[in-house]
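> Here it is, the structure, as C-alpha cells.
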There are 2 protein chains.
Amino acid sequence: MATIRDVAKKAGVAISTVSLAMNGTGPVSAETLKRVLEASEAVGYRPNVLAQSLKRGHSKLIGLVLGDIGNPFFSRLLRVVDSILSETDHMVIVVETASHAERERRTLDQLRHHRVGGILMAPMTNDPGFAAFLSRLDIPVVLIDQNVDGANLDFVSSDNTLATTMLTEYLIRMGHRRIAFIGGDPGQWTAALRRKGFRDAMAASNLPVDPAMEIVADFSGEKAYDQVVRLLSMPQRPTALVTASNLMALGALQAINDLGFSCPQEISLTGVDDVPWSTVLKPRLTIAAQPVEELARVAANFLIERMTLRGGITLPPRTHIAIPRLVVGTSCAPPPASA
Amino acid sequence: MATIRDVAKKAGVAISTVSLAMNGTGPVSAETLKRVLEASEAVGYRPNVLAQSLKRGHSKLIGLVLGDIGNPFFSRLLRVVDSILSETDHMVIVVETASHAERERRTLDQLRHHRVGGILMAPMTNDPGFAAFLSRLDIPVVLIDQNVDGANLDFVSSDNTLATTMLTEYLIRMGHRRIAFIGGDPGQWTAALRRKGFRDAMAASNLPVDPAMEIVADFSGEKAYDQVVRLLSMPQRPTALVTASNLMALGALQAINDLGFSCPQEISLTGVDDVPWSTVLKPRLTIAAQPVEELARVAANFLIERMTLRGGITLPPRTHIAIPRLVVGTSCAPPPASA
DNA sequence: TTGATTGATCGAACCGTTTCGACTACGAAT
DNA sequence: ATTCGTAGTCGAAACGGTTCGATCAATCAA
C-alpha cells in the first residue's frame, strides 16, 4: 500500500508538507496543495490508521460494552450507535460481558490497551471500587441504562421509575388491586428504580404491597418463569403482573400459559422494554417502551463531544433521562369478577 | 503508561533484550529474564497494542460484517464469535451493512485501512466484481451463511437445501399438497438453495408447484406479511407455508392471525432459523434450526488458523456445511378436511 | 592452539504518521 | 536600510514497539 513517502516523492515535496496539506493543518500554497492531492490520488494513498493512532495516542475505535447482545434492547442500541459513529469515521468494538463483573473490568482494561478513543457502556457492576476504576481509565466514558454511583460520568437512560409507575397505574385504573411485581436484583441501578416505580404507584393509590408479591428474579427470564409459577400457585394469587424487563415478561407469559391460565382474561401482564416482533405475540404485550433510538443517539453524541472537543474529557458530567412510552397491547383486562 | 523503555531502564538492559525476553523470541539468560519480568511487573508495563500492530503490519482486531444485527441468528453468531476470538486475545469490530451492497464494500475498505487481522462476513452481495474485490483485499476472510461465487474463500454455512427439504417433506407426510413457499431474492446464495430444497421435496413426491405459490419476498418479514395476505386471499389458498427465514415466518404468522385464520388448524406454518424465545410464541413454530454455535465456532477457527499459521493466507479454501435440525413445534397440523 | 560455533546482549533501523523548530523569502513597518 | 512578521517548506525527532546484524565471551572440535 502506498505510504505518505510515496506521495511526497511523487509530488516532489517533503513528507511533512504532504501531511500538512492533507490535513489542512498548516499553510500550504495552492500550487503545492494541488500537486499533493494529485500525487495522492495517483498512487492511491490512504493514511495508515495504525500509525496515526500511535502518534495521536489513541485510535478512532469505540468500545461498546454490553451485558447481553441477544437482548433486542442492546442489539438495537448497537445498531444505532454503529450508524451514528460511522459518520465521524469511528468504528465500534463490541464486547459482551455476560453480566460478569470481573469480565467487565478485564474488558475495559483490554479496551484501554487498544487505546480506544472512547467507551460506551451499560455496566452491570455498581460498587465504589468500580467507580474508582472507571475514573482511573482516563478515557471518555458514557454510561447507558445503568449508572454507577460516584463515577461522575455522562449518563443516558430512560426514566425507569416512571416506566413501572405507568404500568402499575394503568392496571390500577383497570380495577386491579392484587398486583405482583417481578423485578431484578435491587442492587442494580435500574432494577431498584423500577421497583420504586411500582411501589410509588401502589402507595399513591393506597394499595398495600404484600411482600410475597414482590419477587426478585434476574433479567434473563428463566428465573422469572420459576417465580411466576410459584406465584400463581398461591391461594391468593395476583390478578396482574408488572415485570421489569422484556425477557421477564416473556418468561412470565410462558408460565401463565404452561399453568393453563389465560392472559389477559385471568391474569393481566405488563413489562418494560420492547419485545422483537411483539406484534405477532399473542397476546400482544402492554409495555413501557424505552426510546432506544433516542438513548443511543444522545449517548453517541455525548461521547463524540468528549472525544472531539479539546478539553472534552474535563467537561462536567451530563445526564439525559428519556421518557418511556406506554404501548397498549392486548395483555391486560379488568380482573375477573371472582377475584 | 509505562513503556518498554521504562522496563529496560529499571532492569538495566537494552530495550531489545526486554522485547526478546517478554516475547520469548530469542535466547535470554535465566538471570536476565527474571530481572526483566520483575521490572516489568514493578512499573506495570503493558505493551502498546498500537505500536505492535504498526510494526507487525496488522492488528489483532477482527472485522465482523453482518447485514442485520437485530436478527437473532446474527446476534447469536456475534456472541459466540466474540467469546472464541477473545481467547486468542482478539477483539471484534462489528459493522452492520443493512444489506446495502455499496456499504458492504466501503466497510471492507475501512476495515482494511484499520489493518484488521481478519474478517468474518455474511455477505449480501454476490457478483463477480465483488469476488474480485474480496481477493484483492489481501486479508484472511471467512464467509458465513452466504457464499460468493468465484471468491475462493473459506465458507461456513448449514445445508440450506436440506433445511427446506426437511420442512416440506414434513408437511407432505402430514398430508398437505398445496404448499406455498415464501423465499428471498433467488439472486442470493442461500435464498436460491432454500428455494431449491422446497422444489426438490415437492418433485420427489410428484407434487406440482404452482408458480403463484412461490413467492419472492425479502428477509425482513414485512414483505412476507404482504405476500401472505395476498396468498391467503386467493380462492385456492395453500394449506401450508414454508418460509425461508425466521423473520418471514413471523411476518407470515402475523398475516395469518390478522386475516382471522387459525394456525395450525387452517394453515400450517414452518420456517428456517430459530426465533428468540420461540417457546412463548403461540403456536410454537416448527422450524429447521441452524446450528449457530457450530457455524460460529468453525468459522472463528478457520480464521484463527489462517491468521496464526504462517502461510495461512495461502491455504486452499475450505468449506464446512452443517446439518440443520428439525424442531417440531405446534404450528403444523394435517390439512382441514374441506381442502 | 586455533578457528568455528553458540549463547547472550546490544545498538540501530524500521513501521507510517504528526509536529516542532529551523530556515528562506518577501513585503510591511520603522 | 534595517528589522520584523509571516507564509511556505523542510528535516528531524518523536510515538512504542520488533528485529536484524554486530559484538563479545565462552565453549567445543580438530
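All residue names refer to the C-alpha cells as shown: chains lettered A, B, ... in order, residues numbered from 1 in each chain, ligands numbered from 1 in order.
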Find the residues of chain A that sit at most 9 Å from chain B; for each, write down the nearest two atoms and how far apart they are in Å, to one decimal. Count only C-alpha atoms. Sort by chain, then by number going up, and give it as a Markdown table.

| residue | atom | partner | partner_atom | distance |
| --- | --- | --- | --- | --- |
| A:Arg46 | CA | B:His113 | CA | 7.5 |
| A:Pro47 | CA | B:His113 | CA | 7.8 |
| A:Asn48 | CA | B:His113 | CA | 6.3 |
| A:Val49 | CA | B:His114 | CA | 5.6 |
| A:Leu50 | CA | B:Leu54 | CA | 5.6 |
| A:Ala51 | CA | B:Leu54 | CA | 6.1 |
| A:Ser53 | CA | B:Leu50 | CA | 7.1 |
| A:Leu54 | CA | B:Leu50 | CA | 5.6 |
| A:Gly57 | CA | B:Leu50 | CA | 8.8 |
| A:His58 | CA | B:Leu50 | CA | 8.5 |
| A:Ser59 | CA | B:Leu50 | CA | 8.3 |
| A:Leu61 | CA | B:Ile93 | CA | 8.7 |
| A:Asp68 | CA | B:Arg79 | CA | 8.5 |
| A:Ile69 | CA | B:Ser75 | CA | 6.3 |
| A:Gly70 | CA | B:Ser75 | CA | 5.7 |
| A:Asn71 | CA | B:Ser75 | CA | 8.9 |
| A:Pro72 | CA | B:Gly70 | CA | 6.7 |
| A:Ser75 | CA | B:Gly70 | CA | 5.7 |
| A:Arg76 | CA | B:Gly70 | CA | 6.4 |
| A:Leu78 | CA | B:Ile69 | CA | 8.0 |
| A:Arg79 | CA | B:Ile69 | CA | 6.8 |
| A:Asp82 | CA | B:Val95 | CA | 7.0 |
| A:Ser83 | CA | B:Glu96 | CA | 8.1 |
| A:Asp89 | CA | B:Gln110 | CA | 9.0 |
| A:Met91 | CA | B:Ile93 | CA | 7.0 |
| A:Val92 | CA | B:Ile93 | CA | 5.6 |
| A:Ile93 | CA | B:Ile93 | CA | 4.3 |
| A:Val94 | CA | B:Val92 | CA | 6.2 |
| A:Val95 | CA | B:Asp82 | CA | 7.0 |
| A:Glu96 | CA | B:Arg79 | CA | 7.0 |
| A:Gln110 | CA | B:Met91 | CA | 8.9 |
| A:Leu111 | CA | B:Met91 | CA | 8.9 |
| A:His113 | CA | B:Val49 | CA | 6.2 |
| A:His114 | CA | B:Val49 | CA | 5.6 |
| A:Arg115 | CA | B:Leu50 | CA | 7.4 |
| A:Leu247 | CA | B:Trp277 | CA | 8.5 |
| A:Leu250 | CA | B:Val280 | CA | 6.5 |
| A:Gly251 | CA | B:Val280 | CA | 7.6 |
| A:Leu253 | CA | B:Val280 | CA | 6.8 |
| A:Gln254 | CA | B:Val280 | CA | 5.2 |
| A:Ala255 | CA | B:Val280 | CA | 8.9 |
| A:Asn257 | CA | B:Val280 | CA | 8.2 |
| A:Pro276 | CA | B:Pro276 | CA | 8.6 |
| A:Trp277 | CA | B:Leu250 | CA | 7.4 |
| A:Thr279 | CA | B:Gln254 | CA | 7.2 |
| A:Val280 | CA | B:Gln254 | CA | 5.1 |
| A:Leu281 | CA | B:Leu281 | CA | 5.9 |
| A:Lys282 | CA | B:Lys282 | CA | 6.5 |
| A:Pro283 | CA | B:Lys282 | CA | 9.0 |
> Would you mind exporting the chosen residues as a compact mmCIF listing (two decimals), in the first residue's frame, restricted to C-alpha atoms?

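Below is the file out-v4.txt, written as the result:
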# COMPACT_ATOMS: atom_id res chain seq x y z
CA ARG A 46 -4.68 6.12 2.25
CA PRO A 47 -3.16 7.10 5.58
CA ASN A 48 -2.28 4.19 7.82
CA VAL A 49 -4.73 4.40 10.66
CA LEU A 50 -2.44 2.46 12.95
CA ALA A 51 0.41 4.92 12.54
CA SER A 53 -3.33 6.36 16.17
CA LEU A 54 0.07 5.55 17.57
CA GLY A 57 -2.08 8.32 21.41
CA HIS A 58 -5.50 6.89 20.77
CA SER A 59 -7.43 5.31 17.93
CA LEU A 61 -12.27 2.96 17.71
CA ASP A 68 -26.23 -9.32 26.63
CA ILE A 69 -26.19 -8.82 22.89
CA GLY A 70 -29.08 -11.21 22.45
CA ASN A 71 -31.37 -8.77 24.17
CA PRO A 72 -33.10 -6.71 21.48
CA SER A 75 -28.88 -5.06 19.65
CA ARG A 76 -30.97 -2.08 18.62
CA LEU A 78 -25.70 -1.30 18.89
CA ARG A 79 -27.25 -0.70 15.52
CA ASP A 82 -22.86 1.99 14.98
CA SER A 83 -24.57 4.08 12.35
CA ASP A 89 -15.35 7.77 10.85
CA MET A 91 -15.72 2.03 14.24
CA VAL A 92 -17.24 0.08 17.09
CA ILE A 93 -15.68 -2.76 19.04
CA VAL A 94 -18.41 -4.78 20.71
CA VAL A 95 -17.83 -6.87 23.75
CA GLU A 96 -20.34 -8.89 25.65
CA GLN A 110 -8.29 -4.54 27.18
CA LEU A 111 -10.00 -1.62 25.51
CA HIS A 113 -4.65 -1.16 25.87
CA HIS A 114 -6.16 -0.89 22.44
CA ARG A 115 -6.19 2.84 23.05
CA LEU A 247 -37.31 -11.20 28.97
CA LEU A 250 -41.81 -13.48 28.22
CA GLY A 251 -40.84 -15.85 30.99
CA LEU A 253 -46.14 -15.30 29.83
CA GLN A 254 -44.79 -18.76 29.34
CA ALA A 255 -45.50 -19.58 32.98
CA ASN A 257 -49.58 -20.42 29.54
CA PRO A 276 -38.95 -8.01 18.96
CA TRP A 277 -41.87 -8.66 16.63
CA THR A 279 -46.94 -7.76 17.11
CA VAL A 280 -47.05 -11.47 16.41
CA LEU A 281 -47.01 -12.44 20.03
CA LYS A 282 -50.43 -13.42 21.29
CA PRO A 283 -51.47 -11.65 23.36
> If you run DSSP over the backbone, which residues in stretch 18-209 of chain B end up helix (DSSP H, G or I)? Put them as a PyMOL selection string.
chain B and resi 18-23+30-43+49-56+72-87+101-113+128-136+160-173+189-204
> Go ahead and write the selection's residues with C-alpha atoms as a tab-separated table (two decimals), in the first residue's frame.

chain	number	residue	atom	x	y	z
B	18	VAL	CA	13.28	-6.68	27.06
B	19	SER	CA	11.39	-7.40	23.88
B	20	LEU	CA	13.21	-10.68	23.40
B	21	ALA	CA	12.55	-11.67	26.97
B	22	MET	CA	8.88	-10.77	27.10
B	23	ASN	CA	8.05	-12.47	23.84
B	30	ALA	CA	17.50	-17.07	33.24
B	31	GLU	CA	19.01	-14.30	35.31
B	32	THR	CA	18.09	-11.58	32.81
B	33	LEU	CA	14.64	-12.99	32.24
B	34	LYS	CA	13.91	-12.78	35.91
B	35	ARG	CA	15.15	-9.19	36.14
B	36	VAL	CA	13.06	-8.15	33.14
B	37	LEU	CA	9.94	-9.79	34.44
B	38	GLU	CA	10.33	-8.17	37.80
B	39	ALA	CA	10.99	-4.76	36.31
B	40	SER	CA	8.01	-5.14	34.04
B	41	GLU	CA	5.84	-6.01	36.98
B	42	ALA	CA	7.22	-3.16	39.03
B	43	VAL	CA	6.48	-0.43	36.52
B	49	VAL	CA	-1.03	-2.70	21.06
B	50	LEU	CA	-0.97	0.09	18.52
B	51	ALA	CA	2.80	0.09	18.27
B	52	GLN	CA	2.92	-3.67	17.98
B	53	SER	CA	0.32	-3.65	15.26
B	54	LEU	CA	2.05	-0.91	13.33
B	55	LYS	CA	5.27	-2.86	13.31
B	56	ARG	CA	3.61	-6.15	12.52
B	72	PRO	CA	-31.15	-13.28	16.41
B	73	PHE	CA	-29.25	-15.55	14.04
B	74	PHE	CA	-26.59	-12.91	13.74
B	75	SER	CA	-26.62	-11.70	17.29
B	76	ARG	CA	-26.04	-15.26	18.48
B	77	LEU	CA	-23.30	-15.59	15.91
B	78	LEU	CA	-21.69	-12.43	17.21
B	79	ARG	CA	-21.82	-13.67	20.76
B	80	VAL	CA	-20.11	-16.97	20.05
B	81	VAL	CA	-17.53	-15.48	17.72
B	82	ASP	CA	-16.74	-12.84	20.30
B	83	SER	CA	-16.18	-15.35	23.04
B	84	ILE	CA	-13.98	-17.63	20.92
B	85	LEU	CA	-11.81	-14.91	19.48
B	86	SER	CA	-11.31	-13.32	22.85
B	87	GLU	CA	-9.46	-16.46	23.88
B	101	ALA	CA	-24.13	-3.62	-1.36
B	102	GLU	CA	-22.19	-0.41	-1.57
B	103	ARG	CA	-21.93	-0.05	2.19
B	104	GLU	CA	-20.51	-3.53	2.18
B	105	ARG	CA	-17.56	-2.51	0.06
B	106	ARG	CA	-16.99	0.68	1.96
B	107	THR	CA	-16.96	-1.25	5.20
B	108	LEU	CA	-14.41	-3.73	3.95
B	109	ASP	CA	-12.25	-0.89	2.73
B	110	GLN	CA	-12.45	0.74	6.11
B	111	LEU	CA	-11.52	-2.48	7.85
B	112	ARG	CA	-8.54	-2.84	5.57
B	113	HIS	CA	-7.33	0.60	6.50
B	128	PRO	CA	-18.09	-11.36	-9.96
B	129	GLY	CA	-16.88	-7.86	-9.23
B	130	PHE	CA	-17.33	-8.43	-5.54
B	131	ALA	CA	-15.45	-11.72	-5.69
B	132	ALA	CA	-12.52	-9.93	-7.28
B	133	PHE	CA	-12.75	-7.17	-4.71
B	134	LEU	CA	-12.54	-9.71	-1.90
B	135	SER	CA	-9.47	-11.37	-3.36
B	136	ARG	CA	-7.67	-8.08	-3.73
B	160	ASN	CA	-29.77	-24.69	3.19
B	161	THR	CA	-31.31	-27.03	0.67
B	162	LEU	CA	-31.76	-29.70	3.27
B	163	ALA	CA	-33.41	-27.22	5.63
B	164	THR	CA	-36.39	-26.50	3.40
B	165	THR	CA	-36.49	-30.06	2.12
B	166	MET	CA	-36.94	-31.24	5.70
B	167	LEU	CA	-39.77	-28.86	6.30
B	168	THR	CA	-41.54	-29.55	3.03
B	169	GLU	CA	-41.31	-33.31	3.48
B	170	TYR	CA	-42.63	-32.97	6.99
B	171	LEU	CA	-45.69	-31.12	5.68
B	172	ILE	CA	-46.19	-33.60	2.83
B	173	ARG	CA	-46.08	-36.53	5.23
B	189	TRP	CA	-26.96	-17.70	-2.42
B	190	THR	CA	-28.98	-19.08	0.49
B	191	ALA	CA	-32.28	-17.91	-0.90
B	192	ALA	CA	-31.72	-19.88	-4.09
B	193	LEU	CA	-30.76	-23.01	-2.17
B	194	ARG	CA	-33.72	-22.84	0.13
B	195	ARG	CA	-35.98	-22.46	-2.84
B	196	LYS	CA	-34.32	-25.47	-4.42
B	197	GLY	CA	-34.88	-27.51	-1.28
B	198	PHE	CA	-38.58	-26.81	-1.49
B	199	ARG	CA	-38.79	-27.72	-5.16
B	200	ASP	CA	-36.77	-30.88	-4.68
B	201	ALA	CA	-39.08	-32.13	-1.97
B	202	MET	CA	-42.19	-31.32	-3.98
B	203	ALA	CA	-40.79	-33.01	-7.05
B	204	ALA	CA	-39.74	-36.06	-5.09
> Select residues of chain C: the criterion is any atom within 9 Å of an atom of chain B, counting only C-alpha atoms (C1' of nucleotides); output as JSON, numbers by chain.
{"C": [7, 8, 9, 10, 11, 14, 15, 16]}
> Listing only residues of chain D within 12 Å of chain A, what is the closest atom pair and its distance in Å (to one decimal) for each, using only C-alpha atoms (C1' of nucleotides), sorted by chain and residue number ascending, as JSON lines?

{"residue": "D:DT6", "atom": "C1'", "partner": "A:Pro27", "partner_atom": "CA", "distance": 10.3}
{"residue": "D:DA7", "atom": "C1'", "partner": "A:Pro27", "partner_atom": "CA", "distance": 6.7}
{"residue": "D:DG8", "atom": "C1'", "partner": "A:Val28", "partner_atom": "CA", "distance": 6.2}
{"residue": "D:DT9", "atom": "C1'", "partner": "A:Thr17", "partner_atom": "CA", "distance": 6.9}
{"residue": "D:DC10", "atom": "C1'", "partner": "A:Ala14", "partner_atom": "CA", "distance": 6.2}
{"residue": "D:DG11", "atom": "C1'", "partner": "A:Ala14", "partner_atom": "CA", "distance": 8.6}
{"residue": "D:DA12", "atom": "C1'", "partner": "A:Ser16", "partner_atom": "CA", "distance": 10.5}
{"residue": "D:DA14", "atom": "C1'", "partner": "A:Lys55", "partner_atom": "CA", "distance": 8.4}
{"residue": "D:DC15", "atom": "C1'", "partner": "A:Lys55", "partner_atom": "CA", "distance": 4.7}
{"residue": "D:DG16", "atom": "C1'", "partner": "A:Leu54", "partner_atom": "CA", "distance": 7.9}
{"residue": "D:DG17", "atom": "C1'", "partner": "A:Leu54", "partner_atom": "CA", "distance": 10.3}
> In Å, rounded to a single decimal, give me how far atom CA of A:Leu241 is from atom CA of A:Lys223.
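Result for atom CA of A:Lys223 versus atom CA of A:Leu241: 14.9 Å, one decimal.
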> Residues of stretch 163-334 of chain B classed as strand (DSSP E) by DSSP on the backbone are to be reported as a count of residues only.
28
> Would you mind listing what lies within 12 Å of C:DG3 as a list in words, with only C-alpha atoms (C1' of nucleotides) counted and same-chain residues fewer than 4 positions away left out?
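Everything that qualifies: DC28, DA29 and DA30 of chain D.
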> Can you measure atom C1' of C:DT19 to atom C1' of D:DA13 for me? One decimal in Å is fine.
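Distance reported for this atom pair: 9.0 Å.
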> Quick check, in Å to one decimal: how far apart do atom CA of A:Val242 and atom CA of A:Leu66 lie?
24.8 Å
